[in-house]
Structures are given as C-alpha cells and as structure tokens.
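data.txt follows (compact mmCIF, C-alpha atoms and all ligand atoms):
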# COMPACT_ATOMS: atom_id res chain seq x y z
CA MET U 1 39.29 -25.01 -0.69
CA PRO U 2 41.90 -22.29 -1.44
CA SER U 3 45.57 -23.20 -1.14
CA VAL U 4 48.67 -21.35 -0.01
CA LEU U 5 52.36 -22.20 -0.18
CA ILE U 6 54.46 -20.48 2.49
CA THR U 7 58.27 -20.41 2.63
CA GLY U 8 59.95 -19.80 5.98
CA ALA U 9 56.90 -21.40 7.63
CA ASN U 10 58.67 -22.71 10.75
CA ARG U 11 58.93 -19.41 12.66
CA GLY U 12 58.25 -15.69 12.59
CA LEU U 13 55.70 -14.32 10.14
CA GLY U 14 55.61 -17.49 8.06
CA LEU U 15 54.51 -19.52 11.08
CA GLY U 16 52.01 -16.85 12.20
CA LEU U 17 50.39 -16.84 8.76
CA LEU U 18 50.44 -20.62 8.46
CA LYS U 19 48.47 -20.95 11.71
CA LEU U 20 45.82 -18.51 10.47
CA TYR U 21 45.39 -20.15 7.06
CA VAL U 22 45.13 -23.63 8.61
CA ALA U 23 42.54 -22.33 11.11
CA ASP U 24 40.63 -20.75 8.22
CA GLY U 25 40.31 -24.11 6.40
CA TRP U 26 42.88 -23.54 3.63
CA ARG U 27 45.06 -26.23 2.08
CA VAL U 28 48.53 -25.21 3.25
CA PHE U 29 51.94 -26.23 1.94
CA GLY U 30 54.32 -25.30 4.77
CA CYS U 31 57.94 -25.12 3.62
CA CYS U 32 61.02 -24.88 5.79
CA ARG U 33 64.62 -26.02 5.90
CA ASN U 34 64.15 -28.70 8.50
CA PRO U 35 60.57 -30.03 8.86
CA ALA U 36 61.79 -32.93 11.02
CA LYS U 37 62.79 -30.45 13.74
CA ALA U 38 59.79 -28.11 13.32
CA LYS U 39 57.85 -29.22 16.42
CA GLN U 40 55.07 -26.60 16.20
CA LEU U 41 54.50 -27.31 12.52
CA LYS U 42 54.35 -31.05 13.08
CA ALA U 43 51.78 -30.59 15.87
CA ILE U 44 49.60 -28.34 13.69
CA ALA U 45 49.90 -30.75 10.74
CA ALA U 46 48.86 -33.71 12.90
CA LYS U 47 45.60 -31.94 13.80
CA SER U 48 44.89 -30.51 10.34
CA GLY U 49 43.21 -33.55 8.79
CA GLY U 50 45.78 -33.56 5.99
CA ARG U 51 45.21 -29.89 5.04
CA LEU U 52 48.73 -28.93 6.17
CA THR U 53 51.65 -30.79 4.64
CA LEU U 54 55.26 -30.00 5.45
CA HIS U 55 57.97 -29.76 2.82
CA LYS U 56 61.72 -29.49 3.05
CA LEU U 57 62.89 -26.38 1.22
CA ASP U 58 66.03 -24.28 1.37
CA VAL U 59 65.66 -21.36 -1.03
CA GLU U 60 69.45 -21.20 -1.37
CA LYS U 61 69.44 -24.77 -2.72
CA PRO U 62 67.84 -25.11 -6.17
CA ASP U 63 67.74 -28.93 -5.89
CA THR U 64 65.27 -28.62 -2.95
CA ILE U 65 63.05 -26.35 -5.07
CA LYS U 66 63.16 -28.89 -7.92
CA ALA U 67 62.32 -31.69 -5.50
CA LEU U 68 59.29 -29.76 -4.21
CA LYS U 69 58.14 -29.13 -7.77
CA LYS U 70 58.27 -32.88 -8.40
CA VAL U 71 56.05 -33.46 -5.37
CA LEU U 72 53.52 -30.72 -6.15
CA LYS U 73 53.51 -31.31 -9.93
CA LYS U 74 50.48 -29.42 -11.36
CA GLN U 75 48.85 -28.70 -7.99
CA PRO U 76 47.04 -25.33 -8.17
CA ILE U 77 48.38 -22.78 -5.66
CA ASP U 78 46.06 -19.82 -5.01
CA MET U 79 48.69 -17.87 -3.13
CA LEU U 80 52.46 -18.29 -3.27
CA LEU U 81 53.95 -16.46 -0.30
CA ASN U 82 57.72 -16.01 -0.47
CA VAL U 83 58.19 -15.16 3.20
CA ALA U 84 61.63 -16.67 3.95
CA GLY U 85 64.20 -13.96 4.42
CA TYR U 86 67.53 -13.09 5.99
CA TYR U 87 68.58 -9.71 7.41
CA GLY U 88 72.27 -10.42 7.91
CA LYS U 89 74.45 -12.01 10.58
CA SER U 90 73.31 -9.49 13.24
CA ILE U 91 69.80 -8.05 13.51
CA MET U 92 69.33 -4.29 13.25
CA THR U 93 69.32 -3.58 16.99
CA GLU U 94 72.45 -5.68 17.75
CA PRO U 95 76.01 -4.31 17.59
CA GLY U 96 77.03 -4.15 13.92
CA GLY U 97 73.42 -4.69 12.84
CA ARG U 98 73.10 -1.31 11.11
CA GLN U 99 75.25 -2.58 8.22
CA GLU U 100 77.10 0.74 8.11
CA PHE U 101 79.17 2.22 5.27
CA GLY U 102 82.80 1.08 5.51
CA LYS U 103 81.91 -2.08 7.42
CA THR U 104 80.40 -4.19 4.67
CA ASP U 105 80.69 -7.95 5.05
CA TYR U 106 80.67 -9.07 1.42
CA LYS U 107 80.27 -12.75 2.20
CA ASP U 108 77.17 -12.00 4.24
CA TRP U 109 75.96 -9.68 1.45
CA ASP U 110 75.98 -12.69 -0.91
CA LYS U 111 73.90 -14.68 1.57
CA VAL U 112 71.37 -11.84 1.95
CA PHE U 113 70.96 -11.71 -1.83
CA ALA U 114 70.89 -15.49 -2.27
CA ILE U 115 68.02 -15.84 0.22
CA ASN U 116 66.07 -12.60 -0.30
CA VAL U 117 66.41 -12.12 -4.05
CA LYS U 118 67.43 -15.30 -5.88
CA GLY U 119 65.32 -17.45 -3.51
CA PRO U 120 61.93 -15.90 -4.36
CA MET U 121 62.94 -15.56 -8.01
CA ARG U 122 63.63 -19.29 -8.24
CA MET U 123 60.42 -20.11 -6.32
CA SER U 124 58.38 -17.87 -8.61
CA GLU U 125 59.87 -19.40 -11.77
CA ALA U 126 59.29 -22.90 -10.42
CA PHE U 127 55.69 -22.40 -9.25
CA ALA U 128 54.16 -19.64 -11.44
CA ASP U 129 52.35 -22.32 -13.48
CA ASN U 130 50.85 -23.74 -10.28
CA VAL U 131 49.64 -20.26 -9.34
CA ALA U 132 48.22 -19.79 -12.86
CA ARG U 133 46.16 -23.00 -12.44
CA SER U 134 44.45 -21.64 -9.30
CA ASP U 135 41.39 -19.41 -8.79
CA ARG U 136 43.09 -16.48 -7.01
CA LYS U 137 46.46 -16.45 -8.81
CA ILE U 138 48.40 -14.39 -6.26
CA LEU U 139 52.20 -14.33 -6.10
CA VAL U 140 53.69 -12.28 -3.28
CA THR U 141 57.26 -11.78 -2.08
CA PHE U 142 57.86 -10.28 1.34
CA SER U 143 59.83 -7.08 0.90
CA SER U 144 60.39 -4.32 3.45
CA ILE U 145 59.71 -0.61 3.75
CA VAL U 146 63.50 -0.18 4.03
CA GLY U 147 63.67 -1.32 0.38
CA SER U 148 61.83 1.87 -0.62
CA ILE U 149 64.25 4.39 -2.16
CA ALA U 150 61.73 7.22 -1.69
CA LEU U 151 61.43 6.51 2.05
CA ASN U 152 65.15 6.08 2.76
CA ASN U 153 65.86 8.98 5.07
CA ALA U 154 68.30 7.24 7.42
CA GLY U 155 70.99 5.52 5.30
CA ALA U 156 72.96 2.35 6.18
CA LEU U 157 71.49 -1.22 6.06
CA TYR U 158 73.25 -1.62 2.68
CA PRO U 159 72.79 -5.32 1.87
CA TYR U 160 69.32 -5.66 3.36
CA ARG U 161 67.94 -2.44 1.83
CA ALA U 162 69.49 -3.29 -1.54
CA SER U 163 68.06 -6.83 -1.46
CA LYS U 164 64.53 -5.58 -0.79
CA ALA U 165 64.81 -2.84 -3.44
CA ALA U 166 65.81 -5.67 -5.80
CA VAL U 167 62.77 -7.67 -4.67
CA ASN U 168 60.56 -4.69 -5.48
CA MET U 169 61.99 -4.40 -8.99
CA MET U 170 61.74 -8.16 -9.52
CA MET U 171 58.08 -8.26 -8.48
CA LYS U 172 57.28 -5.25 -10.68
CA SER U 173 58.71 -7.10 -13.68
CA MET U 174 56.80 -10.25 -12.74
CA ALA U 175 53.58 -8.21 -12.57
CA HIS U 176 54.13 -7.36 -16.26
CA ASP U 177 55.45 -10.74 -17.38
CA LEU U 178 52.87 -12.90 -15.62
CA LYS U 179 49.82 -10.72 -16.37
CA ALA U 180 48.96 -12.80 -19.44
CA LYS U 181 48.68 -15.85 -17.18
CA GLY U 182 46.27 -13.92 -14.95
CA ILE U 183 48.81 -13.80 -12.10
CA ILE U 184 48.81 -10.85 -9.70
CA ALA U 185 52.44 -10.38 -8.60
CA LEU U 186 53.57 -7.84 -6.02
CA PRO U 187 56.03 -7.07 -3.21
CA PHE U 188 54.64 -6.75 0.31
CA HIS U 189 55.83 -4.93 3.45
CA PRO U 190 54.66 -6.81 6.57
CA GLY U 191 55.32 -4.06 9.16
CA TRP U 192 58.05 -3.96 11.78
CA VAL U 193 57.31 -7.06 13.81
CA ARG U 194 58.80 -8.60 16.97
CA THR U 195 60.12 -11.78 15.31
CA GLU U 196 63.75 -12.96 15.50
CA MET U 197 64.49 -10.64 12.57
CA GLY U 198 62.47 -7.65 13.74
CA GLY U 199 63.87 -7.83 17.29
CA PRO U 200 62.25 -6.93 20.61
CA ALA U 201 61.98 -3.17 19.90
CA ALA U 202 59.70 -3.65 16.87
CA ASP U 203 56.21 -2.11 16.72
CA LEU U 204 53.99 -5.12 16.24
CA ASP U 205 53.30 -8.37 18.04
CA PRO U 206 53.68 -11.33 15.60
CA GLY U 207 50.11 -12.59 16.11
CA GLU U 208 48.62 -9.11 15.64
CA ALA U 209 50.80 -8.57 12.55
CA ALA U 210 49.90 -11.94 11.00
CA ALA U 211 46.18 -11.11 11.30
CA MET U 212 46.70 -7.70 9.64
CA ILE U 213 48.86 -9.26 6.92
CA LYS U 214 46.27 -11.96 6.16
CA LYS U 215 43.56 -9.30 5.89
CA ALA U 216 45.70 -7.20 3.53
CA LEU U 217 46.58 -10.25 1.39
CA GLY U 218 42.89 -11.18 1.32
CA GLY U 219 42.10 -7.79 -0.22
CA ILE U 220 44.47 -8.24 -3.19
CA LYS U 221 42.79 -7.73 -6.55
CA LYS U 222 43.98 -7.35 -10.15
CA SER U 223 44.64 -3.63 -9.79
CA HIS U 224 47.22 -4.40 -7.02
CA ALA U 225 49.59 -6.11 -9.49
CA GLY U 226 53.01 -4.45 -9.51
CA LYS U 227 52.22 -2.18 -6.53
CA PHE U 228 54.13 -2.10 -3.23
CA LEU U 229 51.47 -3.11 -0.69
CA ASP U 230 51.75 -3.04 3.09
CA TYR U 231 50.16 -4.81 6.05
CA ARG U 232 47.54 -2.06 6.45
CA GLY U 233 46.42 -2.56 2.85
CA LYS U 234 48.09 0.74 1.84
CA PHE U 235 50.47 1.33 -1.06
CA LEU U 236 54.04 2.45 -0.37
CA PRO U 237 56.16 4.61 -2.66
CA TRP U 238 59.06 2.95 -4.47
N1 LIG F 1 60.08 -8.86 11.13
C1 LIG F 1 60.08 -7.66 10.57
O1 LIG F 1 60.04 -6.64 11.25
C2 LIG F 1 60.13 -7.54 9.06
C3 LIG F 1 60.03 -6.25 8.52
C4 LIG F 1 60.04 -6.09 7.14
C5 LIG F 1 60.15 -7.21 6.33
N2 LIG F 1 60.27 -8.45 6.87
C6 LIG F 1 60.39 -9.60 5.95
O2 LIG F 1 59.37 -10.54 6.26
C7 LIG F 1 59.87 -11.87 6.02
C8 LIG F 1 59.70 -12.73 7.28
O3 LIG F 1 60.45 -12.13 8.32
P1 LIG F 1 60.44 -12.69 9.82
O4 LIG F 1 60.45 -11.52 10.69
O5 LIG F 1 59.39 -13.73 9.97
O6 LIG F 1 61.90 -13.36 9.88
P2 LIG F 1 62.46 -14.47 10.87
O7 LIG F 1 61.66 -14.55 12.10
O8 LIG F 1 63.93 -14.18 10.98
O9 LIG F 1 62.25 -15.82 10.05
C9 LIG F 1 62.94 -16.00 8.85
C10 LIG F 1 62.42 -17.25 8.18
O10 LIG F 1 63.12 -17.40 6.93
C11 LIG F 1 63.65 -18.72 6.90
N3 LIG F 1 64.84 -18.84 6.08
C12 LIG F 1 66.02 -18.18 6.22
N4 LIG F 1 66.90 -18.60 5.28
C13 LIG F 1 66.25 -19.54 4.54
C14 LIG F 1 66.60 -20.34 3.44
N5 LIG F 1 67.82 -20.31 2.88
N6 LIG F 1 65.68 -21.19 2.93
C15 LIG F 1 64.45 -21.27 3.47
N7 LIG F 1 64.05 -20.55 4.54
C16 LIG F 1 64.94 -19.70 5.05
C17 LIG F 1 63.95 -19.05 8.36
O11 LIG F 1 64.14 -20.44 8.50
P3 LIG F 1 65.22 -21.07 9.57
O12 LIG F 1 64.47 -21.18 10.87
O13 LIG F 1 65.58 -22.38 8.96
O14 LIG F 1 66.37 -20.10 9.65
C18 LIG F 1 62.69 -18.51 9.01
O15 LIG F 1 61.64 -19.41 8.83
C19 LIG F 1 61.32 -11.72 5.57
O16 LIG F 1 61.37 -11.76 4.17
C20 LIG F 1 61.69 -10.35 6.10
O17 LIG F 1 62.74 -9.77 5.34
C21 LIG F 1 60.26 -8.63 8.22

Please go through the file and, once you have read it, give me the structure as structure tokens.
Ligand SMILES: NC(=O)c1ccc[n+]([C@@H]2O[C@H](COP(=O)([O-])OP(=O)(O)OC[C@H]3O[C@@H](n4cnc5c(N)ncnc54)[C@H](OP(=O)(O)O)[C@@H]3O)[C@@H](O)[C@H]2O)c1
Amino acid sequence: MPSVLITGANRGLGLGLLKLYVADGWRVFGCCRNPAKAKQLKAIAAKSGGRLTLHKLDVEKPDTIKALKKVLKKQPIDMLLNVAGYYGKSIMTEPGGRQEFGKTDYKDWDKVFAINVKGPMRMSEAFADNVARSDRKILVTFSSIVGSIALNNAGALYPYRASKAAVNMMMKSMAHDLKAKGIIALPFHPGWVRTEMGGPAADLDPGEAAAMIKKALGGIKKSHAGKFLDYRGKFLPW
C-alpha cells in the first residue's frame, strides 16, 4: 500500500488530495495545525479503517515537526507533499492583495517566507530519509506559476512571488542533493484554484483540480527531478 504525507490537509488542495488518496486505498498521514477541530478529516479518518491518521503540525513551529518525526520514526513515505502555504494577509483579489511596490508589509513578508519556504525545507530535511525508504521516493513542494521569473509579465505580488521562486530554487537543489538517495524532488504548480487562497475568481474547481493534480503527481518519474511541473503534467519555465 503506497503512503503519502500531506501538509495543510484540513482544507483547500490538501484536503481535496487527501480525500482522493484515501479513496484510492493509500496510507495517508494527514497533517494540519489543529486536528481536533478538523471535522471533515476526523469523519474521513473514522471511516478509513486506520489508513488515515491525523497529525498536529505547524510548519512554522519546528518542535511540531520534531514531534511528528518521533511518531513516524522510520516509516516509509512514498510521497511527501508540502502543500501548506500562505499568500499573505489579504488574498490576491481583495483590497491590498496585489502586494504592490511601496506597500510592503515586512512582518507579513516574514510569515510568507516562514510558511512557504522554511516550512517545506524543514519538512524535507526531517522526512527525506522516510521518503528514501519508500518505493516511489517522491518529494514535492507546492509552488506557483507566479514564482516563475520567465512568466512574470505583470509585476507586484512581491512576498508571494519571491517565496515561490525560492521554493523553486530550493527544490532544484534538493533534486541534486537527494538524487543519490533515489529521491525525485521537484516544485509543483497546482493551477489557479477556487480555494480560500485562490479566491472565487480562480479558474478551477477544487475537486476538479485535485483530480488533475493527483494524475500529474502519479506520472512523476526520475526524469522529472528538478523540473517545474504543473497540474496538467506539463513543465513550466523557471
Ligand atoms: N489555490 C491556488 O490557486 C494556488 C495557486 C498556486 C499555488 N497554490 C499553492 O498550493 C498550496 C495549497 O493552496 P490552497 O489553495 O489549498 O490554500 P488554502 O486553501 O489557503 O489552504 C492553505 C493550507 O495551508 C495551511 N497552513 C497555513 N499555514 C500553515 C502553517 N504554519 N502550518 C501548517 N499548515 C499551514 C492551512 O491551514 P489552516 O487551516 O490551519 O490555516 C491550510 O490547510 C499552497 O502552497 C499555495 O501557495 C495555490
């Protein structure tokens, strides 16, 4: 039975993916900040025959990552999905959500980087050995097309764009550094999706997007390491 660890599993894309992997018979480690309040997750776990377990994890808090490592020990993880992310205090379509030049909130910038960049870095360092012990050995961090420098033709979104460009660089380095362990590391763009972060104007319905994302993740092979993959299974320019 393949296994997947998902951060940010209580809502949005993390929840959509979790539902699909549970339905597909995978062993799922669902991580979120407050499992006790995650009603949907608890209901799915109760019906999963023990295949879904819920774990308290705040990627801004290294002690919660250490605690999870103590629970999982040497458990093989076929796919580590760093999904948890933070856009900023307002989403893109709200007033102030374009994160324009001259209006930078530096405190919020730190939070964006703590969650989007240091979070998946810490998770990857903590659980790379678990991924290496598995059959599939896939380590993915959710990035965004707005982290592509080549495709930036609109400006603004400073902290969020910069955080996802940093994710791309981080995953490229991991692809090199973890190759010897057989790990396939890459950044992934999930599409513009109508979650809390994506907002109501986004292109894709969360259920439709989760299905496309799962298919694209299922197609990952060794030659994908260090490439910027998207939800259609296509590569994006850096
Ligand atoms: N939606 C889009 O259009 C879109 C486009 C491109 C890329 N992405 C990326 O895809 C990923 C998922 O996005 P989404 O749309 O599902 O976002 P979302 O609906 O806003 O959900 C964000 C998730 O991240 C979790 N999270 C936030 N801070 C956390 C922390 N410190 N520790 C642990 N979990 C934390 C949230 O948990 P709480 O409920 O506890 O806050 C929630 O589960 C993100 O990395 C995002 O940047 C999304």

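Residues with any atom within 6 Å of the point (48.8, -20.8, -3.2), counting only C-alpha atoms, are Ser3, Val4, Leu5, Ile77, Asp78, Met79 and Leu80 of chain U.
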
Å distance separating atom CA of U:Lys47 from atom CA of U:Ala216, one decimal place: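 So the two atoms, atom CA of U:Lys47 and atom CA of U:Ala216, lie 26.8 Å apart.
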
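The closest residue to U:Leu54, picked from U:Gly8, U:Pro95, U:Pro237, U:Gly16 and counting all atoms listed in the file, is U:Gly8.
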
Nearest-residue call for U:Lys74, choices U:Lys215, U:Arg133, U:Arg27, U:His189, using all atoms listed in the file: U:Arg133

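Neighbours of U:Lys118 closer than or equal to 10 Å, with all atoms listed in the file counted and sequence neighbours fewer than 4 positions away skipped, come out as Val59, Glu60, Pro62, Lys111, Val112, Phe113, Ala114, Arg122, Met123, Ser124, Ser163, Ala166, Val167 and Met170 of chain U.
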
Generate the output file for the selected residues, C-alpha atoms, as an mmCIF file, in the frame of the given file.
data_model
loop_
_atom_site.group_PDB
_atom_site.id
_atom_site.type_symbol
_atom_site.label_atom_id
_atom_site.label_comp_id
_atom_site.auth_asym_id
_atom_site.auth_seq_id
_atom_site.Cartn_x
_atom_site.Cartn_y
_atom_site.Cartn_z
ATOM 1 C CA VAL U 59 65.660 -21.360 -1.030
ATOM 2 C CA GLU U 60 69.450 -21.200 -1.370
ATOM 3 C CA PRO U 62 67.840 -25.110 -6.170
ATOM 4 C CA LYS U 111 73.900 -14.680 1.570
ATOM 5 C CA VAL U 112 71.370 -11.840 1.950
ATOM 6 C CA PHE U 113 70.960 -11.710 -1.830
ATOM 7 C CA ALA U 114 70.890 -15.490 -2.270
ATOM 8 C CA ARG U 122 63.630 -19.290 -8.240
ATOM 9 C CA MET U 123 60.420 -20.110 -6.320
ATOM 10 C CA SER U 124 58.380 -17.870 -8.610
ATOM 11 C CA SER U 163 68.060 -6.830 -1.460
ATOM 12 C CA ALA U 166 65.810 -5.670 -5.800
ATOM 13 C CA VAL U 167 62.770 -7.670 -4.670
ATOM 14 C CA MET U 170 61.740 -8.160 -9.520
#

d(atom CA of U:Asp203, atom CA of U:Trp26) in Å: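 Atom CA of U:Trp26 lies at a distance of 28.4 Å from atom CA of U:Asp203.
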
Within-7 Å residues of ligand LIG 1 (chain F), basis all atoms listed in the file, as a PyMOL selection string: chain U and resi 7-14+32-34+57-60+83-87+115-116+142-145+189-198+202

Pick from U:Ile138, U:Leu68, U:Ala23, U:Leu204, whichever lies nearest to U:Lys222 using only C-alpha atoms: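 Of all the options, U:Ile138 lies closest to U:Lys222.
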
Residues within 10 Å of (38.8, -26.2, 4.3), file coords, only C-alpha atoms, listed as a PyMOL selection string: chain U and resi 1-3+21-28+48-49+51

Distance of atom CA of U:Asp177 from atom CA of U:Val71, expressed in Å to one decimal place: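 Between atom CA of U:Val71 and atom CA of U:Asp177 the gap is 25.7 Å.
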
Residue contacts of U:Ile220 (12 Å, only C-alpha atoms) excluding same-chain residues fewer than 2 positions away, as a count of residues only: 33

Can you sort out the box for stretch 192-201 of chain U, edges along x, y and z, all listed atoms in, 6 Å on every side, with centre and edge lengths in Å to one decimal, as lines of an AutoDock Vina configuration file?
center_x = 60.9
center_y = -8.1
center_z = 16.2
size_x = 19.2
size_y = 21.8
size_z = 20.8

Per residue of stretch 103-157 of chain U within 12 Å of stretch 90-93 of chain U, note the shortest atom pair and the distance in Å to one decimal, counting only C-alpha atoms, and order the rows by chain and increasing residue number, as a tab-separated table.
residue	atom	partner	partner_atom	distance
U:Asp105	CA	U:Ser90	CA	11.1
U:Asp108	CA	U:Ser90	CA	10.1
U:Val112	CA	U:Ser90	CA	11.7
U:Val146	CA	U:Met92	CA	11.7
U:Ala156	CA	U:Met92	CA	10.4
U:Leu157	CA	U:Met92	CA	8.1

Using the structure just given, write a file holding N, CA and C atoms for stretch 128-165 of chain U, as a PDB file, in the first residue's frame.
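Saved file selection_5.pdb follows:
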ATOM      1  N   ALA U 128      13.178  13.308   4.593  1.00  0.00           N
ATOM      2  CA  ALA U 128      13.812  12.771   3.371  1.00  0.00           C
ATOM      3  C   ALA U 128      14.181  11.302   3.556  1.00  0.00           C
ATOM      4  N   ASP U 129      14.647  10.933   4.753  1.00  0.00           N
ATOM      5  CA  ASP U 129      15.022   9.523   4.966  1.00  0.00           C
ATOM      6  C   ASP U 129      13.804   8.601   4.887  1.00  0.00           C
ATOM      7  N   ASN U 130      12.658   9.113   5.343  1.00  0.00           N
ATOM      8  CA  ASN U 130      11.430   8.304   5.238  1.00  0.00           C
ATOM      9  C   ASN U 130      11.057   8.116   3.771  1.00  0.00           C
ATOM     10  N   VAL U 131      11.219   9.185   2.985  1.00  0.00           N
ATOM     11  CA  VAL U 131      10.923   9.095   1.546  1.00  0.00           C
ATOM     12  C   VAL U 131      11.895   8.102   0.891  1.00  0.00           C
ATOM     13  N   ALA U 132      13.161   8.173   1.295  1.00  0.00           N
ATOM     14  CA  ALA U 132      14.186   7.293   0.708  1.00  0.00           C
ATOM     15  C   ALA U 132      13.899   5.815   1.007  1.00  0.00           C
ATOM     16  N   ARG U 133      13.202   5.533   2.094  1.00  0.00           N
ATOM     17  CA  ARG U 133      12.881   4.141   2.464  1.00  0.00           C
ATOM     18  C   ARG U 133      11.687   3.578   1.691  1.00  0.00           C
ATOM     19  N   SER U 134      11.026   4.437   0.886  1.00  0.00           N
ATOM     20  CA  SER U 134       9.789   4.009   0.220  1.00  0.00           C
ATOM     21  C   SER U 134      10.077   3.474  -1.184  1.00  0.00           C
ATOM     22  N   ASP U 135       9.027   3.013  -1.873  1.00  0.00           N
ATOM     23  CA  ASP U 135       9.182   2.535  -3.251  1.00  0.00           C
ATOM     24  C   ASP U 135       9.249   3.693  -4.244  1.00  0.00           C
ATOM     25  N   ARG U 136       8.340   4.692  -4.074  1.00  0.00           N
ATOM     26  CA  ARG U 136       8.242   5.749  -5.104  1.00  0.00           C
ATOM     27  C   ARG U 136       9.224   6.895  -4.912  1.00  0.00           C
ATOM     28  N   LYS U 137       9.508   7.239  -3.666  1.00  0.00           N
ATOM     29  CA  LYS U 137      10.548   8.240  -3.350  1.00  0.00           C
ATOM     30  C   LYS U 137      10.295   9.613  -3.987  1.00  0.00           C
ATOM     31  N   ILE U 138       9.115  10.147  -3.760  1.00  0.00           N
ATOM     32  CA  ILE U 138       8.753  11.433  -4.387  1.00  0.00           C
ATOM     33  C   ILE U 138       8.608  12.523  -3.319  1.00  0.00           C
ATOM     34  N   LEU U 139       9.265  13.643  -3.545  1.00  0.00           N
ATOM     35  CA  LEU U 139       9.234  14.762  -2.596  1.00  0.00           C
ATOM     36  C   LEU U 139       8.844  16.036  -3.364  1.00  0.00           C
ATOM     37  N   VAL U 140       7.639  16.508  -3.092  1.00  0.00           N
ATOM     38  CA  VAL U 140       7.093  17.631  -3.867  1.00  0.00           C
ATOM     39  C   VAL U 140       6.738  18.785  -2.943  1.00  0.00           C
ATOM     40  N   THR U 141       7.104  20.005  -3.358  1.00  0.00           N
ATOM     41  CA  THR U 141       6.607  21.191  -2.651  1.00  0.00           C
ATOM     42  C   THR U 141       5.727  21.985  -3.605  1.00  0.00           C
ATOM     43  N   PHE U 142       4.556  22.380  -3.099  1.00  0.00           N
ATOM     44  CA  PHE U 142       3.648  23.178  -3.917  1.00  0.00           C
ATOM     45  C   PHE U 142       4.208  24.580  -4.076  1.00  0.00           C
ATOM     46  N   SER U 143       4.446  24.935  -5.336  1.00  0.00           N
ATOM     47  CA  SER U 143       4.952  26.243  -5.707  1.00  0.00           C
ATOM     48  C   SER U 143       3.793  27.002  -6.337  1.00  0.00           C
ATOM     49  N   SER U 144       4.094  27.864  -7.278  1.00  0.00           N
ATOM     50  CA  SER U 144       3.053  28.574  -8.030  1.00  0.00           C
ATOM     51  C   SER U 144       3.672  29.107  -9.307  1.00  0.00           C
ATOM     52  N   ILE U 145       2.839  29.206 -10.332  1.00  0.00           N
ATOM     53  CA  ILE U 145       3.292  29.770 -11.608  1.00  0.00           C
ATOM     54  C   ILE U 145       3.790  31.207 -11.404  1.00  0.00           C
ATOM     55  N   VAL U 146       3.261  31.900 -10.374  1.00  0.00           N
ATOM     56  CA  VAL U 146       3.718  33.281 -10.159  1.00  0.00           C
ATOM     57  C   VAL U 146       5.141  33.321  -9.578  1.00  0.00           C
ATOM     58  N   GLY U 147       5.690  32.148  -9.235  1.00  0.00           N
ATOM     59  CA  GLY U 147       7.094  32.070  -8.815  1.00  0.00           C
ATOM     60  C   GLY U 147       8.039  31.935  -9.999  1.00  0.00           C
ATOM     61  N   SER U 148       7.472  31.816 -11.218  1.00  0.00           N
ATOM     62  CA  SER U 148       8.317  31.738 -12.412  1.00  0.00           C
ATOM     63  C   SER U 148       8.792  33.144 -12.787  1.00  0.00           C
ATOM     64  N   ILE U 149      10.094  33.325 -12.901  1.00  0.00           N
ATOM     65  CA  ILE U 149      10.656  34.619 -13.308  1.00  0.00           C
ATOM     66  C   ILE U 149      10.368  34.843 -14.792  1.00  0.00           C
ATOM     67  N   ALA U 150      10.505  33.762 -15.584  1.00  0.00           N
ATOM     68  CA  ALA U 150      10.275  33.876 -17.033  1.00  0.00           C
ATOM     69  C   ALA U 150       8.839  34.308 -17.344  1.00  0.00           C
ATOM     70  N   LEU U 151       7.883  33.864 -16.528  1.00  0.00           N
ATOM     71  CA  LEU U 151       6.470  34.141 -16.836  1.00  0.00           C
ATOM     72  C   LEU U 151       5.926  35.364 -16.096  1.00  0.00           C
ATOM     73  N   ASN U 152       6.802  36.102 -15.421  1.00  0.00           N
ATOM     74  CA  ASN U 152       6.318  37.296 -14.698  1.00  0.00           C
ATOM     75  C   ASN U 152       6.172  38.464 -15.663  1.00  0.00           C
ATOM     76  N   ASN U 153       4.936  38.641 -16.132  1.00  0.00           N
ATOM     77  CA  ASN U 153       4.695  39.769 -17.051  1.00  0.00           C
ATOM     78  C   ASN U 153       3.694  40.760 -16.458  1.00  0.00           C
ATOM     79  N   ALA U 154       3.501  40.691 -15.123  1.00  0.00           N
ATOM     80  CA  ALA U 154       2.511  41.596 -14.518  1.00  0.00           C
ATOM     81  C   ALA U 154       3.009  42.320 -13.270  1.00  0.00           C
ATOM     82  N   GLY U 155       4.173  41.936 -12.736  1.00  0.00           N
ATOM     83  CA  GLY U 155       4.713  42.620 -11.557  1.00  0.00           C
ATOM     84  C   GLY U 155       3.967  42.315 -10.267  1.00  0.00           C
ATOM     85  N   ALA U 156       4.263  43.130  -9.241  1.00  0.00           N
ATOM     86  CA  ALA U 156       3.634  43.054  -7.909  1.00  0.00           C
ATOM     87  C   ALA U 156       3.761  41.660  -7.260  1.00  0.00           C
ATOM     88  N   LEU U 157       2.896  41.383  -6.285  1.00  0.00           N
ATOM     89  CA  LEU U 157       2.885  40.113  -5.507  1.00  0.00           C
ATOM     90  C   LEU U 157       4.274  39.814  -4.919  1.00  0.00           C
ATOM     91  N   TYR U 158       4.959  40.838  -4.417  1.00  0.00           N
ATOM     92  CA  TYR U 158       6.380  40.677  -4.048  1.00  0.00           C
ATOM     93  C   TYR U 158       6.661  39.515  -3.103  1.00  0.00           C
ATOM     94  N   PRO U 159       6.073  39.488  -1.900  1.00  0.00           N
ATOM     95  CA  PRO U 159       6.454  38.393  -0.996  1.00  0.00           C
ATOM     96  C   PRO U 159       6.046  37.018  -1.513  1.00  0.00           C
ATOM     97  N   TYR U 160       4.840  36.924  -2.073  1.00  0.00           N
ATOM     98  CA  TYR U 160       4.372  35.593  -2.502  1.00  0.00           C
ATOM     99  C   TYR U 160       5.184  35.090  -3.683  1.00  0.00           C
ATOM    100  N   ARG U 161       5.383  35.948  -4.698  1.00  0.00           N
ATOM    101  CA  ARG U 161       6.191  35.548  -5.862  1.00  0.00           C
ATOM    102  C   ARG U 161       7.598  35.142  -5.410  1.00  0.00           C
ATOM    103  N   ALA U 162       8.196  35.986  -4.543  1.00  0.00           N
ATOM    104  CA  ALA U 162       9.574  35.717  -4.118  1.00  0.00           C
ATOM    105  C   ALA U 162       9.641  34.402  -3.340  1.00  0.00           C
ATOM    106  N   SER U 163       8.610  34.125  -2.536  1.00  0.00           N
ATOM    107  CA  SER U 163       8.639  32.880  -1.745  1.00  0.00           C
ATOM    108  C   SER U 163       8.569  31.661  -2.668  1.00  0.00           C
ATOM    109  N   LYS U 164       7.761  31.742  -3.720  1.00  0.00           N
ATOM    110  CA  LYS U 164       7.626  30.575  -4.596  1.00  0.00           C
ATOM    111  C   LYS U 164       8.846  30.443  -5.528  1.00  0.00           C
ATOM    112  N   ALA U 165       9.461  31.571  -5.894  1.00  0.00           N
ATOM    113  CA  ALA U 165      10.724  31.475  -6.647  1.00  0.00           C
ATOM    114  C   ALA U 165      11.781  30.802  -5.764  1.00  0.00           C
TER     115      ALA U 165
END
